[in-house]
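The file start39.cif contains mmCIF, C-alpha atoms:
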```cif
data_structure
loop_
_atom_site.label_atom_id
_atom_site.label_comp_id
_atom_site.auth_asym_id
_atom_site.auth_seq_id
_atom_site.Cartn_x
_atom_site.Cartn_y
_atom_site.Cartn_z
CA MET A 1307 44.90 -100.93 41.25
CA SER A 1308 46.65 -97.76 42.39
CA SER A 1309 50.31 -98.05 43.38
CA VAL A 1310 49.48 -95.99 46.49
CA LYS A 1311 48.66 -98.31 49.42
CA TYR A 1312 46.08 -96.05 51.03
CA ALA A 1313 43.46 -94.15 49.04
CA VAL A 1314 42.54 -92.22 52.20
CA GLU A 1315 44.45 -91.72 55.42
CA LEU A 1316 43.28 -89.56 58.33
CA ASN A 1317 45.45 -88.93 61.37
CA ASP A 1318 43.85 -87.40 64.49
CA VAL A 1319 41.28 -85.37 62.53
CA HIS A 1320 39.06 -82.99 64.48
CA LYS A 1321 36.25 -80.74 63.25
CA ILE A 1322 34.69 -78.08 65.44
CA TYR A 1323 31.75 -75.93 64.31
CA ALA A 1324 30.93 -72.63 66.01
CA MET A 1325 27.17 -72.33 66.58
CA GLY A 1326 27.05 -68.81 67.96
CA ARG A 1327 28.89 -69.02 71.27
CA VAL A 1328 28.56 -72.78 71.38
CA LYS A 1329 31.24 -75.02 69.87
CA VAL A 1330 30.12 -78.34 68.44
CA GLU A 1331 32.82 -81.00 68.11
CA ALA A 1332 31.64 -83.06 65.11
CA LEU A 1333 34.85 -85.10 64.83
CA ARG A 1334 36.97 -85.76 67.90
CA GLY A 1335 40.19 -87.36 66.74
CA VAL A 1336 39.49 -89.68 63.81
CA PHE A 1337 42.17 -92.16 62.75
CA LEU A 1338 41.25 -93.94 59.52
CA LYS A 1339 43.08 -95.84 56.78
CA ILE A 1340 41.29 -97.09 53.66
CA GLU A 1341 43.31 -99.15 51.22
CA SER A 1342 43.26 -98.42 47.50
CA GLY A 1343 40.67 -100.54 45.72
CA ASP A 1344 38.69 -101.32 48.90
CA MET A 1345 34.94 -100.85 49.36
CA VAL A 1346 33.95 -99.68 52.82
CA ALA A 1347 30.92 -98.42 54.71
CA VAL A 1348 30.81 -95.83 57.48
CA VAL A 1349 27.82 -96.38 59.76
CA GLY A 1350 26.58 -94.69 62.89
CA PRO A 1351 23.56 -92.98 64.45
CA SER A 1352 22.29 -89.58 63.37
CA GLY A 1353 24.67 -86.84 64.48
CA SER A 1354 27.61 -89.23 64.86
CA GLY A 1355 29.80 -87.36 62.34
CA LYS A 1356 29.29 -89.55 59.24
CA THR A 1357 28.55 -86.77 56.74
CA THR A 1358 31.15 -84.44 58.27
CA LEU A 1359 33.73 -87.20 57.82
CA LEU A 1360 32.72 -87.69 54.18
CA ASN A 1361 32.87 -83.93 53.53
CA ILE A 1362 36.36 -83.78 55.02
CA ILE A 1363 37.54 -86.71 52.86
CA GLY A 1364 35.86 -85.13 49.81
CA LEU A 1365 37.71 -81.83 50.41
CA LEU A 1366 34.37 -80.04 50.71
CA ASP A 1367 35.32 -78.96 54.22
CA ARG A 1368 38.57 -78.42 56.11
CA PRO A 1369 39.41 -80.04 59.44
CA THR A 1370 40.04 -77.93 62.52
CA LYS A 1371 43.05 -80.13 63.27
CA GLY A 1372 44.71 -83.24 61.89
CA LYS A 1373 46.36 -84.63 58.75
CA ILE A 1374 44.58 -85.90 55.62
CA TYR A 1375 46.14 -87.77 52.70
CA ILE A 1376 44.15 -88.44 49.51
CA ASN A 1377 45.82 -91.01 47.25
CA GLY A 1378 49.08 -90.22 49.04
CA VAL A 1379 48.75 -86.43 48.66
CA ASP A 1380 48.98 -84.32 51.83
CA VAL A 1381 46.10 -81.87 51.33
CA GLU A 1382 46.88 -79.59 54.28
CA GLY A 1383 48.77 -76.90 52.36
CA LEU A 1384 46.68 -76.93 49.18
CA ASN A 1385 44.88 -73.75 48.12
CA GLU A 1386 41.27 -73.83 46.87
CA ASN A 1387 42.27 -74.22 43.19
CA SER A 1388 44.53 -77.18 44.00
CA ARG A 1389 41.82 -78.76 46.14
CA ALA A 1390 39.30 -78.31 43.31
CA ARG A 1391 41.69 -80.00 40.84
CA LEU A 1392 42.23 -82.88 43.25
CA ARG A 1393 38.45 -83.30 43.63
CA LEU A 1394 37.99 -83.23 39.86
CA ASN A 1395 40.77 -85.72 39.12
CA TYR A 1396 40.58 -88.12 42.07
CA LEU A 1397 37.08 -87.99 43.55
CA GLY A 1398 33.58 -88.89 42.35
CA PHE A 1399 30.51 -87.96 44.42
CA ILE A 1400 27.14 -89.70 44.74
CA PHE A 1401 24.41 -88.10 46.85
CA GLN A 1402 21.12 -89.24 48.36
CA MET A 1403 19.20 -86.58 46.38
CA PHE A 1404 20.83 -87.46 43.01
CA HIS A 1405 21.50 -83.75 42.14
CA LEU A 1406 20.90 -84.20 38.42
CA VAL A 1407 20.28 -81.12 36.26
CA PRO A 1408 16.55 -81.42 35.41
CA TRP A 1409 16.68 -79.82 31.95
CA LEU A 1410 19.57 -82.03 30.74
CA ASN A 1411 19.15 -85.59 29.52
CA ALA A 1412 21.07 -88.53 31.01
CA LEU A 1413 23.95 -88.23 28.54
CA GLU A 1414 24.34 -84.49 29.14
CA ASN A 1415 24.26 -84.94 32.92
CA VAL A 1416 27.09 -87.48 32.71
CA GLU A 1417 29.05 -85.15 30.41
CA LEU A 1418 29.09 -82.32 32.98
CA PRO A 1419 32.28 -83.22 34.91
CA LEU A 1420 34.01 -83.96 31.60
CA MET A 1421 33.10 -80.47 30.35
CA ILE A 1422 34.54 -78.96 33.53
CA ALA A 1423 37.71 -80.99 32.96
CA GLY A 1424 38.00 -79.57 29.44
CA ILE A 1425 37.56 -82.91 27.64
CA PRO A 1426 36.86 -82.45 23.88
CA ARG A 1427 33.22 -83.02 22.88
CA SER A 1428 33.79 -86.16 20.79
CA VAL A 1429 35.76 -87.84 23.59
CA ARG A 1430 33.25 -86.58 26.13
CA ILE A 1431 30.26 -88.15 24.40
CA LYS A 1432 32.06 -91.45 23.88
CA ARG A 1433 33.09 -91.70 27.53
CA ALA A 1434 29.66 -90.63 28.82
CA LEU A 1435 28.05 -93.35 26.69
CA GLU A 1436 30.53 -95.90 28.08
CA CYS A 1437 29.64 -94.89 31.64
CA LEU A 1438 25.90 -95.16 30.95
CA ARG A 1439 26.47 -98.62 29.45
CA LEU A 1440 28.36 -99.64 32.58
CA VAL A 1441 25.34 -98.77 34.73
CA GLY A 1442 22.87 -100.41 32.32
CA LEU A 1443 21.25 -97.25 30.93
CA GLU A 1444 22.40 -97.26 27.32
CA ASP A 1445 18.76 -97.17 26.21
CA ARG A 1446 17.89 -94.13 28.38
CA VAL A 1447 20.54 -91.65 27.23
CA ASN A 1448 18.02 -89.11 25.87
CA HIS A 1449 15.69 -89.20 28.87
CA ARG A 1450 15.57 -86.31 31.32
CA PRO A 1451 15.51 -86.99 35.09
CA SER A 1452 11.73 -86.52 35.29
CA GLU A 1453 11.36 -89.37 32.78
CA LEU A 1454 13.47 -91.76 34.88
CA SER A 1455 12.67 -93.78 38.00
CA GLY A 1456 14.51 -93.07 41.25
CA GLY A 1457 16.79 -96.04 40.69
CA GLU A 1458 17.55 -94.92 37.14
CA GLN A 1459 18.32 -91.39 38.33
CA GLN A 1460 20.78 -92.79 40.88
CA ARG A 1461 22.40 -94.87 38.11
CA VAL A 1462 22.85 -91.69 36.06
CA ALA A 1463 24.42 -90.08 39.14
CA ILE A 1464 26.80 -93.04 39.45
CA ALA A 1465 27.69 -92.80 35.74
CA ARG A 1466 28.44 -89.11 36.26
CA ALA A 1467 30.56 -89.90 39.32
CA ILE A 1468 32.78 -92.31 37.37
CA ALA A 1469 33.00 -90.19 34.18
CA ASN A 1470 36.36 -88.65 35.13
CA ARG A 1471 37.65 -92.10 36.14
CA PRO A 1472 38.20 -91.11 39.78
CA LYS A 1473 40.37 -93.10 42.15
CA ILE A 1474 37.74 -92.76 44.90
CA ILE A 1475 33.93 -92.68 44.91
CA LEU A 1476 32.27 -91.03 47.91
CA ALA A 1477 28.62 -92.01 48.36
CA ASP A 1478 26.48 -90.23 50.97
CA GLU A 1479 23.41 -92.39 51.74
CA PRO A 1480 23.13 -93.43 48.05
CA THR A 1481 20.13 -95.68 48.79
CA GLY A 1482 18.33 -93.32 51.18
CA ASN A 1483 15.64 -92.23 48.69
CA LEU A 1484 15.09 -95.67 47.17
CA ASP A 1485 13.01 -98.70 48.12
CA SER A 1486 14.97 -101.60 49.61
CA ALA A 1487 15.15 -103.72 46.43
CA THR A 1488 16.30 -100.78 44.27
CA GLY A 1489 18.74 -99.68 46.97
CA LEU A 1490 20.37 -103.10 47.11
CA SER A 1491 20.68 -103.11 43.30
CA ILE A 1492 22.49 -99.76 43.47
CA VAL A 1493 24.98 -101.08 46.05
CA THR A 1494 25.47 -104.23 43.96
CA LEU A 1495 26.29 -101.94 41.03
CA LEU A 1496 28.80 -99.99 43.14
CA LYS A 1497 30.38 -103.29 44.17
CA LYS A 1498 30.65 -104.32 40.51
CA LEU A 1499 32.36 -101.01 39.64
CA ASN A 1500 34.67 -101.42 42.63
CA GLU A 1501 35.71 -104.89 41.46
CA GLU A 1502 35.93 -104.17 37.73
CA LEU A 1503 37.41 -100.66 37.76
CA LYS A 1504 39.34 -101.08 41.04
CA THR A 1505 37.80 -97.83 42.25
CA THR A 1506 37.87 -97.25 46.00
CA VAL A 1507 34.30 -96.82 47.29
CA ILE A 1508 33.53 -95.10 50.59
CA MET A 1509 29.85 -95.16 51.48
CA VAL A 1510 28.04 -93.52 54.37
CA THR A 1511 24.85 -95.39 55.28
CA HIS A 1512 22.53 -96.11 58.18
CA ASN A 1513 21.35 -99.33 56.51
CA MET A 1514 23.17 -102.40 57.84
CA ASP A 1515 21.95 -104.59 54.97
CA VAL A 1516 23.68 -102.16 52.60
CA ALA A 1517 26.79 -101.89 54.78
CA LYS A 1518 27.23 -105.67 54.86
CA LEU A 1519 27.64 -105.73 51.08
CA THR A 1520 30.95 -103.88 51.45
CA ASN A 1521 34.31 -105.38 52.47
CA ARG A 1522 34.78 -103.41 55.67
CA ILE A 1523 32.58 -101.42 58.05
CA PHE A 1524 33.74 -98.52 60.20
CA TYR A 1525 31.46 -97.70 63.13
CA ILE A 1526 31.43 -94.03 64.15
CA ARG A 1527 29.84 -92.57 67.26
CA ASP A 1528 30.20 -89.12 68.84
CA GLY A 1529 32.82 -88.13 66.25
CA VAL A 1530 35.14 -91.09 66.86
CA ILE A 1531 35.67 -94.35 64.98
CA GLU A 1532 34.75 -96.88 67.63
CA ARG A 1533 35.64 -100.07 65.77
CA GLU A 1534 36.26 -101.67 62.42
CA GLU A 1535 34.67 -104.85 61.12
CA VAL A 1536 35.85 -106.99 58.20
CA VAL A 1537 32.75 -108.34 56.42
#
```
Would you mind giving the structure from this file in structure tokens?
Amino acid sequence: MSSVKYAVELNDVHKIYAMGRVKVEALRGVFLKIESGDMVAVVGPSGSGKTTLLNIIGLLDRPTKGKIYINGVDVEGLNENSRARLRLNYLGFIFQMFHLVPWLNALENVELPLMIAGIPRSVRIKRALECLRLVGLEDRVNHRPSELSGGEQQRVAIARAIANRPKIILADEPTGNLDSATGLSIVTLLKKLNEELKTTVIMVTHNMDVAKLTNRIFYIRDGVIEREEVV
């Protein structure tokens, strides 16, 4: 487990979007601490600020106000190159729509972040194969996304997310495009990776059955964390 106590720490984080002359306050003073090695869910109604919160934590967006620490690093003064390096080295992303490259096979899709990180090809292939084995797809390495089921595509996306051995996995509705049985198997897999690799998992979901498989649930409404529940 990381020597840093908190994988993510947010102090009074606000995010305001300008929609023409109208200002929309998506986050209205979020205080949040997620311990290293924990697995948590963020739940709330549509428009509550869930995805905005995940984008802020994932350094895909900047807050209007407030302090953010990722694995102990204060990200406020970082330029875009430093933020990109932090994303590459510390964060893995899983999306509802999978976002696999359709003309690449499973192995090549998992290799992508390793290529960006400049990992040599022999090491890259070995690690990508290890990640596909971890998610139970060692026999599907040469299949393209169109030849895989939805659940298998999401497993490839998870393998890709852990390829750079991130400290934190951010999952935005990872079961949203899957049937309930497949969705639960995906969350069970994330839980296994959390326990075995000690990777912090932060998952946005509207599905309470999914949320209850995590260790802790944060309820967000109108851009504010209303309460926290230990599962």
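Using all atoms listed in the file, the contacts of segment 1390-1395 of chain A at a cut-off of 7 Å, with sequence neighbours closer than 5 positions omitted, comprise Gly1364, Leu1365, Asn1470 and Pro1472 of chain A.
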- Task: Please evaluate the PyMOL selection byres ((chain A and resi 1480-1490) around 10) against the structure above and give the resulting residues as an MDAnalysis selection string.
- Result: chainID A and resid 1399:1404 1455:1458 1460 1463:1464 1476:1479 1491:1496 1509:1513 1515:1516 1519
- Message: I'd like the residues picked by the PyMOL selection byres ((chain A and resi 1315) around 8) written out as a VMD selection string, using the chain letters and numbers from the file.
- Response: chain A and resid 1312 to 1314 1316 to 1317 1337 to 1340 1374 to 1376
- Task: Anything within 6 Å of (20.2, -87.0, 25.3): list those residues as a PyMOL selection string, counting only C-alpha atoms and sticking to the file's coordinates.
- Result: chain A and resi 1411-1413+1447-1448
Atoms to include: C-alpha atoms. Write the selected residues as an mmCIF file, keeping the file's coordinate frame.
```cif
data_model
loop_
_atom_site.group_PDB
_atom_site.id
_atom_site.type_symbol
_atom_site.label_atom_id
_atom_site.label_comp_id
_atom_site.auth_asym_id
_atom_site.auth_seq_id
_atom_site.Cartn_x
_atom_site.Cartn_y
_atom_site.Cartn_z
ATOM 1 C CA ASN A 1411 19.150 -85.590 29.520
ATOM 2 C CA ALA A 1412 21.070 -88.530 31.010
ATOM 3 C CA LEU A 1413 23.950 -88.230 28.540
ATOM 4 C CA VAL A 1447 20.540 -91.650 27.230
ATOM 5 C CA ASN A 1448 18.020 -89.110 25.870
#
```
- Evaluating the PyMOL selection byres ((chain A and resi 1531-1534) around 10) on the displayed file yields which residues, as an MDAnalysis selection string? chainID A and resid 1333:1338 1347:1350 1354:1356 1522:1530 1535:1537
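Shortest atom-to-atom contact with Trp1409 of chain A among A:Glu1386, A:Glu1331, A:Asp1380, A:Glu1453: A:Glu1453, counting all atoms listed in the file.
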Any chance you could tabulate, as CSV, the residues of segment 1308-1397 of chain A at most 9 Å from segment 1498-1503 of chain A with each one's nearest atom pair and distance in Å to one decimal, using only C-alpha atoms, in chain and rising number order?
```
residue,atom,partner,partner_atom,distance
A:Gly1343,CA,A:Asn1500,CA,6.8
A:Asp1344,CA,A:Asn1500,CA,7.4
A:Met1345,CA,A:Asn1500,CA,6.8
```
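The space between atom CA of Leu1410 of chain A and atom CA of Arg1450 of chain A spans 5.9 Å.
Proximity of A:Arg1439, A:Lys1371, A:His1449, A:Lys1432 to Val1407 of chain A, computed with only C-alpha atoms, is greatest for A:His1449.
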So that I can look at just that part, could you write segment 1430-1487 of chain A with C-alpha atoms, as a PDB file, in the first residue's frame?
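So decode-v2.pdb came out as:
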```
ATOM      1  CA  ARG A1430       5.240  -3.647 -23.009  1.00  0.00           C
ATOM      2  CA  ILE A1431       3.957  -6.912 -24.461  1.00  0.00           C
ATOM      3  CA  LYS A1432       4.848  -8.858 -21.329  1.00  0.00           C
ATOM      4  CA  ARG A1433       3.043  -6.407 -19.053  1.00  0.00           C
ATOM      5  CA  ALA A1434       0.001  -6.143 -21.338  1.00  0.00           C
ATOM      6  CA  LEU A1435      -0.296  -9.940 -21.321  1.00  0.00           C
ATOM      7  CA  GLU A1436      -0.056  -9.942 -17.509  1.00  0.00           C
ATOM      8  CA  CYS A1437      -2.874  -7.386 -17.295  1.00  0.00           C
ATOM      9  CA  LEU A1438      -5.093  -9.389 -19.664  1.00  0.00           C
ATOM     10  CA  ARG A1439      -4.446 -12.500 -17.562  1.00  0.00           C
ATOM     11  CA  LEU A1440      -5.460 -10.582 -14.443  1.00  0.00           C
ATOM     12  CA  VAL A1441      -8.840  -9.781 -16.003  1.00  0.00           C
ATOM     13  CA  GLY A1442      -9.306 -13.322 -17.359  1.00  0.00           C
ATOM     14  CA  LEU A1443      -8.811 -12.580 -21.068  1.00  0.00           C
ATOM     15  CA  GLU A1444      -5.555 -14.374 -21.824  1.00  0.00           C
ATOM     16  CA  ASP A1445      -7.347 -16.354 -24.546  1.00  0.00           C
ATOM     17  CA  ARG A1446      -8.742 -13.231 -26.270  1.00  0.00           C
ATOM     18  CA  VAL A1447      -5.558 -11.218 -26.824  1.00  0.00           C
ATOM     19  CA  ASN A1448      -5.834 -11.231 -30.639  1.00  0.00           C
ATOM     20  CA  HIS A1449      -9.519 -10.314 -30.778  1.00  0.00           C
ATOM     21  CA  ARG A1450     -10.626  -6.839 -31.832  1.00  0.00           C
ATOM     22  CA  PRO A1451     -13.368  -5.019 -29.872  1.00  0.00           C
ATOM     23  CA  SER A1452     -16.046  -5.976 -32.412  1.00  0.00           C
ATOM     24  CA  GLU A1453     -15.249  -9.644 -31.707  1.00  0.00           C
ATOM     25  CA  LEU A1454     -15.721  -9.231 -27.941  1.00  0.00           C
ATOM     26  CA  SER A1455     -18.842  -9.007 -25.779  1.00  0.00           C
ATOM     27  CA  GLY A1456     -19.586  -5.835 -23.832  1.00  0.00           C
ATOM     28  CA  GLY A1457     -18.270  -7.396 -20.641  1.00  0.00           C
ATOM     29  CA  GLU A1458     -15.082  -8.519 -22.388  1.00  0.00           C
ATOM     30  CA  GLN A1459     -14.566  -5.042 -23.843  1.00  0.00           C
ATOM     31  CA  GLN A1460     -14.875  -3.536 -20.367  1.00  0.00           C
ATOM     32  CA  ARG A1461     -12.328  -6.078 -19.083  1.00  0.00           C
ATOM     33  CA  VAL A1462      -9.917  -4.966 -21.809  1.00  0.00           C
ATOM     34  CA  ALA A1463     -10.539  -1.370 -20.708  1.00  0.00           C
ATOM     35  CA  ILE A1464      -9.734  -2.355 -17.113  1.00  0.00           C
ATOM     36  CA  ALA A1465      -6.549  -4.132 -18.243  1.00  0.00           C
ATOM     37  CA  ARG A1466      -5.555  -0.968 -20.100  1.00  0.00           C
ATOM     38  CA  ALA A1467      -6.312   1.155 -17.029  1.00  0.00           C
ATOM     39  CA  ILE A1468      -3.962  -0.900 -14.825  1.00  0.00           C
ATOM     40  CA  ALA A1469      -1.185  -1.300 -17.430  1.00  0.00           C
ATOM     41  CA  ASN A1470       0.875   1.599 -16.061  1.00  0.00           C
ATOM     42  CA  ARG A1471       0.324   0.300 -12.510  1.00  0.00           C
ATOM     43  CA  PRO A1472      -1.521   3.430 -11.374  1.00  0.00           C
ATOM     44  CA  LYS A1473      -2.050   4.316  -7.737  1.00  0.00           C
ATOM     45  CA  ILE A1474      -5.678   5.260  -8.453  1.00  0.00           C
ATOM     46  CA  ILE A1475      -8.341   3.906 -10.817  1.00  0.00           C
ATOM     47  CA  LEU A1476     -11.172   6.276 -11.735  1.00  0.00           C
ATOM     48  CA  ALA A1477     -14.259   4.519 -13.096  1.00  0.00           C
ATOM     49  CA  ASP A1478     -17.127   6.561 -14.554  1.00  0.00           C
ATOM     50  CA  GLU A1479     -20.286   4.390 -14.631  1.00  0.00           C
ATOM     51  CA  PRO A1480     -18.220   1.301 -15.588  1.00  0.00           C
ATOM     52  CA  THR A1481     -21.325  -0.932 -15.572  1.00  0.00           C
ATOM     53  CA  GLY A1482     -23.675   1.513 -17.313  1.00  0.00           C
ATOM     54  CA  ASN A1483     -23.642  -0.255 -20.699  1.00  0.00           C
ATOM     55  CA  LEU A1484     -23.766  -3.790 -19.300  1.00  0.00           C
ATOM     56  CA  ASP A1485     -26.540  -6.085 -18.108  1.00  0.00           C
ATOM     57  CA  SER A1486     -26.818  -6.453 -14.329  1.00  0.00           C
ATOM     58  CA  ALA A1487     -25.010  -9.818 -14.065  1.00  0.00           C
TER      59      ALA A1487
END
```
